[in-house]
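**Student:** Below is one structure. I have some questions about it.
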Amino acid sequence: DNNTPKNDNDIMGLLNLLLLKKVNDDQTQTTEAKLQASTEDHLHSLPRIPSFIIPGVAAQSLLASLLVYAFGIPTRHVLFCILYPTYLTFANHFRFGNNITIRQRSHHHPSNLSVVMSKIYSESDSPWFKVYMTSFTTVGILLPLLTVSLAPTDVADAAISHLLVLWTQIICETATMLNPYVHRYISFLVPMGFCVYRQSLLTEWFSASLASYESAPASGSGTSSQWYAFGLFLSSVNLIMWTANLFVFILLRWVPELLADEKCESPEIEWKMMVPLQMKSDGFKKKSCDEQSNNKSTRAKAA
């Protein structure tokens, strides 16, 4: 009889332990379910790559491959078309975290690339801009394609390198301009890098066309002479138009908007010599207008 209370206490303690274990198990399962649901919601909330990018890039890359296969394009230009996009891909991943700073925000956030691009192309429906884009498409793509397909060999060879590099630029712009996983600075480096590289190709194209036109045989057929004149005309127009595009549209219109301090944010990293080693999640490189004004005020008071 003296052992009865002790046995009762042991039984009650055991029941309490079982009950406590059951409660802990339920709490653990609830926490895991919430964590899984939160993870799934986060995955579903991640921005999606626009549906046109993958098939568009694939089709454009096929044409670029055909150009390389059909024409004798200098190796240095082919290497640039491969190595420069590869460099931008690595830079976007290792330096900017695949745009992790901005792509976690609302699609309508002012820093979102699609919002910025819509502002840059705010006049896309205006008559002058339609003429502008149509002119560059015709002069830069359609007529050179016609030239490399039908013109004499020396006229076609002069035009092919610039056409390939320009077409590669278009492929990269298709892949980056509205891609939420590409940082704005990378989107800027695509046209900037390609346009700067193409300046030398435009000069070579014009010089080769001029030399071919001047050395064209006088006894040649009328069609052949017309192609030499057309090649010189086409190279001259491309040189003028693309130079104006670089120094006006890109440098004066794109750069101020794409690289605005209060919008072009990037994750903080630590550098080891020339290599970005560690991403930080506790802060972003952002200089707002208020911070800039405060810095100016501080400098003014110090002066």
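By order in the structure tokens, chains are A, B, ...; within a chain, residues start at 1; ligands start at 1, following the order shown.
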Which residues are close to Glu173 (chain A), i.e. within 8 Å by only C-alpha atoms, leaving aside same-chain residues fewer than 6 positions away? Reply as a ChimeraX atom specification.
**Tutor:** /A:187,190-191
**Student:** Save the residues we just selected, C-alpha atoms, as a tab-separated table (two decimals), in the first residue's frame?
**Tutor:**
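Written output follows (part.tsv):
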chain	number	residue	atom	x	y	z
A	187	SER	CA	22.18	44.79	-69.59
A	190	VAL	CA	25.77	44.25	-73.73
A	191	PRO	CA	25.09	47.09	-76.22
**Student:** Applying 12 Å and only C-alpha atoms, which residues near Leu189 (chain A) remain after dropping the ones on its own chain fewer than 5 positions away? List them as a ChimeraX atom specification.
**Tutor:** /A:84-85,87-89,91-92,169,172-173,176-177,182-184,194-197,250-251,254-255,258-259
**Student:** Neighbours of Leu201 (chain A) within 12 Å (only C-alpha atoms; same-chain residues fewer than 2 positions away dropped), as a PyMOL selection string?
**Tutor:** chain A and resi 74+76-77+157-166+194-199+203-209+235+238-239+242-243
**Student:** Residues as selected, N, CA and C atoms, written as a short mmCIF file (atom, residue, chain, number, x, y, z; two decimals), in the first residue's frame, can you do that?
**Tutor:**
data_model
loop_
_atom_site.label_atom_id
_atom_site.label_comp_id
_atom_site.auth_asym_id
_atom_site.auth_seq_id
_atom_site.Cartn_x
_atom_site.Cartn_y
_atom_site.Cartn_z
N PRO A 74 36.86 36.01 -89.72
CA PRO A 74 38.11 35.95 -88.94
C PRO A 74 37.88 35.39 -87.54
N ARG A 76 39.20 36.03 -84.70
CA ARG A 76 39.14 36.96 -83.58
C ARG A 76 37.73 37.48 -83.36
N HIS A 77 36.96 37.65 -84.43
CA HIS A 77 35.59 38.13 -84.27
C HIS A 77 34.68 37.03 -83.72
N ASP A 157 32.47 39.68 -98.29
CA ASP A 157 33.43 39.47 -97.22
C ASP A 157 33.63 40.72 -96.37
N ALA A 158 33.51 41.88 -96.98
CA ALA A 158 33.69 43.12 -96.23
C ALA A 158 32.55 43.35 -95.24
N ALA A 159 31.37 42.82 -95.53
CA ALA A 159 30.20 43.09 -94.70
C ALA A 159 29.92 42.02 -93.66
N ILE A 160 30.47 40.82 -93.80
CA ILE A 160 30.04 39.69 -92.99
C ILE A 160 30.44 39.81 -91.53
N SER A 161 31.64 40.32 -91.24
CA SER A 161 32.11 40.36 -89.84
C SER A 161 31.23 41.27 -89.00
N HIS A 162 30.92 42.45 -89.52
CA HIS A 162 30.06 43.36 -88.76
C HIS A 162 28.67 42.77 -88.58
N LEU A 163 28.17 42.10 -89.60
CA LEU A 163 26.84 41.49 -89.51
C LEU A 163 26.80 40.43 -88.42
N LEU A 164 27.83 39.60 -88.32
CA LEU A 164 27.85 38.56 -87.30
C LEU A 164 27.90 39.15 -85.89
N VAL A 165 28.77 40.13 -85.68
CA VAL A 165 28.89 40.73 -84.34
C VAL A 165 27.60 41.46 -83.97
N LEU A 166 26.99 42.16 -84.92
CA LEU A 166 25.72 42.83 -84.64
C LEU A 166 24.64 41.81 -84.32
N PHE A 194 29.45 45.69 -77.33
CA PHE A 194 29.35 45.31 -78.74
C PHE A 194 29.47 46.53 -79.65
N CYS A 195 28.85 47.63 -79.28
CA CYS A 195 28.91 48.82 -80.14
C CYS A 195 30.32 49.38 -80.22
N VAL A 196 31.04 49.38 -79.11
CA VAL A 196 32.42 49.85 -79.13
C VAL A 196 33.27 48.94 -80.01
N TYR A 197 33.08 47.63 -79.86
CA TYR A 197 33.85 46.68 -80.68
C TYR A 197 33.51 46.84 -82.16
N ARG A 198 32.25 47.11 -82.46
CA ARG A 198 31.82 47.20 -83.86
C ARG A 198 32.32 48.47 -84.54
N GLN A 199 32.75 49.46 -83.78
CA GLN A 199 33.24 50.69 -84.41
C GLN A 199 34.43 50.40 -85.32
N THR A 203 34.65 50.72 -89.55
CA THR A 203 35.73 51.40 -90.27
C THR A 203 36.38 50.46 -91.29
N GLU A 204 36.63 49.21 -90.88
CA GLU A 204 37.22 48.23 -91.80
C GLU A 204 36.28 47.95 -92.97
N TRP A 205 35.00 47.85 -92.70
CA TRP A 205 34.01 47.60 -93.74
C TRP A 205 34.01 48.74 -94.77
N PHE A 206 34.02 49.98 -94.27
CA PHE A 206 34.04 51.14 -95.17
C PHE A 206 35.32 51.18 -95.98
N SER A 207 36.46 50.94 -95.33
CA SER A 207 37.74 50.99 -96.03
C SER A 207 37.82 49.91 -97.11
N ALA A 208 37.37 48.69 -96.78
CA ALA A 208 37.40 47.60 -97.75
C ALA A 208 36.45 47.86 -98.91
N SER A 209 35.29 48.44 -98.60
CA SER A 209 34.32 48.75 -99.66
C SER A 209 34.85 49.84 -100.58
N SER A 235 28.05 50.55 -96.44
CA SER A 235 29.05 50.67 -95.36
C SER A 235 29.12 52.09 -94.83
N ASN A 238 25.98 52.70 -92.62
CA ASN A 238 26.12 51.97 -91.36
C ASN A 238 27.11 52.65 -90.43
N LEU A 239 28.22 53.12 -90.98
CA LEU A 239 29.22 53.81 -90.17
C LEU A 239 28.64 55.05 -89.52
N TRP A 242 25.47 53.93 -86.92
CA TRP A 242 25.85 53.25 -85.69
C TRP A 242 26.74 54.10 -84.81
N THR A 243 27.53 54.98 -85.41
CA THR A 243 28.33 55.91 -84.61
C THR A 243 27.42 56.87 -83.85
#
**Student:** Work out how far CA of Val78 (chain A) is from CA of Ser65 (chain A), in Å to one decimal.
**Tutor:**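 The value is 10.2 Å.
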**Student:** Near Ser51 (chain A), counting only C-alpha atoms, which residues have an atom at most 12 Å away, once you skip same-chain residues fewer than 3 positions from it, shown as a list in words?
**Tutor:**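 Here the qualifying residues turn out to be Pro47, Arg48, Ile54, Pro55, Gly56, Val57, Thr174, Ala175, Leu178 and Asn179 of chain A.
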**Student:** Write to file, as a PDB file, in the first residue's frame, the residues of the selection just made, with N, CA and C atoms.
**Tutor:**
ATOM      1  N   PRO A  47      10.335  35.552 -59.850  1.00  0.00           N
ATOM      2  CA  PRO A  47       9.977  36.016 -61.199  1.00  0.00           C
ATOM      3  C   PRO A  47      10.349  34.997 -62.256  1.00  0.00           C
ATOM      4  N   ARG A  48       9.515  34.884 -63.254  1.00  0.00           N
ATOM      5  CA  ARG A  48       9.757  33.933 -64.329  1.00  0.00           C
ATOM      6  C   ARG A  48      10.421  34.617 -65.519  1.00  0.00           C
ATOM      7  N   ILE A  54      13.877  32.066 -74.495  1.00  0.00           N
ATOM      8  CA  ILE A  54      14.562  30.817 -74.859  1.00  0.00           C
ATOM      9  C   ILE A  54      14.369  30.463 -76.330  1.00  0.00           C
ATOM     10  N   PRO A  55      13.139  30.425 -76.860  1.00  0.00           N
ATOM     11  CA  PRO A  55      13.010  30.128 -78.294  1.00  0.00           C
ATOM     12  C   PRO A  55      13.601  31.210 -79.181  1.00  0.00           C
ATOM     13  N   GLY A  56      13.517  32.482 -78.757  1.00  0.00           N
ATOM     14  CA  GLY A  56      14.090  33.563 -79.543  1.00  0.00           C
ATOM     15  C   GLY A  56      15.597  33.452 -79.647  1.00  0.00           C
ATOM     16  N   VAL A  57      16.259  33.213 -78.513  1.00  0.00           N
ATOM     17  CA  VAL A  57      17.716  33.062 -78.510  1.00  0.00           C
ATOM     18  C   VAL A  57      18.133  31.838 -79.312  1.00  0.00           C
ATOM     19  N   THR A 174      18.304  40.084 -76.600  1.00  0.00           N
ATOM     20  CA  THR A 174      17.093  39.283 -76.436  1.00  0.00           C
ATOM     21  C   THR A 174      17.122  38.525 -75.117  1.00  0.00           C
ATOM     22  N   ALA A 175      18.305  38.026 -74.739  1.00  0.00           N
ATOM     23  CA  ALA A 175      18.433  37.220 -73.525  1.00  0.00           C
ATOM     24  C   ALA A 175      18.454  38.053 -72.252  1.00  0.00           C
ATOM     25  N   LEU A 178      14.915  42.051 -70.853  1.00  0.00           N
ATOM     26  CA  LEU A 178      13.718  41.919 -70.020  1.00  0.00           C
ATOM     27  C   LEU A 178      13.819  40.718 -69.088  1.00  0.00           C
ATOM     28  N   ASN A 179      15.027  40.267 -68.834  1.00  0.00           N
ATOM     29  CA  ASN A 179      15.256  39.102 -67.990  1.00  0.00           C
ATOM     30  C   ASN A 179      15.428  39.548 -66.542  1.00  0.00           C
TER      31      ASN A 179
END
**Student:** If you run DSSP on the backbone here, which positions in region 70-187 of chain A get alpha helix (DSSP H)? Please write them as JSON, numbers by chain.
**Tutor:** {"A": [70, 75, 76, 77, 78, 79, 80, 81, 82, 83, 84, 85, 86, 87, 88, 89, 90, 91, 92, 93, 94, 100, 101, 102, 103, 113, 114, 115, 116, 117, 118, 119, 120, 127, 128, 129, 130, 131, 132, 133, 134, 135, 136, 137, 143, 144, 145, 146, 147, 148, 149, 150, 153, 154, 155, 156, 157, 158, 159, 160, 161, 162, 163, 164, 165, 166, 167, 168, 169, 170, 171, 172, 173, 174, 175, 176, 184, 185, 186, 187]}
**Student:** So what do you get for CA of Val237 (chain A) versus CA of Leu63 (chain A), distance-wise?
**Tutor:**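 Spanning CA of Val237 (chain A) to CA of Leu63 (chain A) is a straight-line distance of 23.9 Å.
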**Student:** What does the structure give for the distance between CA of Ile49 (chain A) and CA of Asn99 (chain A), in Å to one decimal?
**Tutor:**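 Here the two named atoms are 12.7 Å from each other.
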**Student:** Just checking: using only C-alpha atoms, which residue out of A:Leu252, A:Thr134, A:Gly140, A:Leu46 ends up closest to Arg103 (chain A)?
**Tutor:**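 Result for the nearest residue to Arg103 (chain A): A:Leu46.
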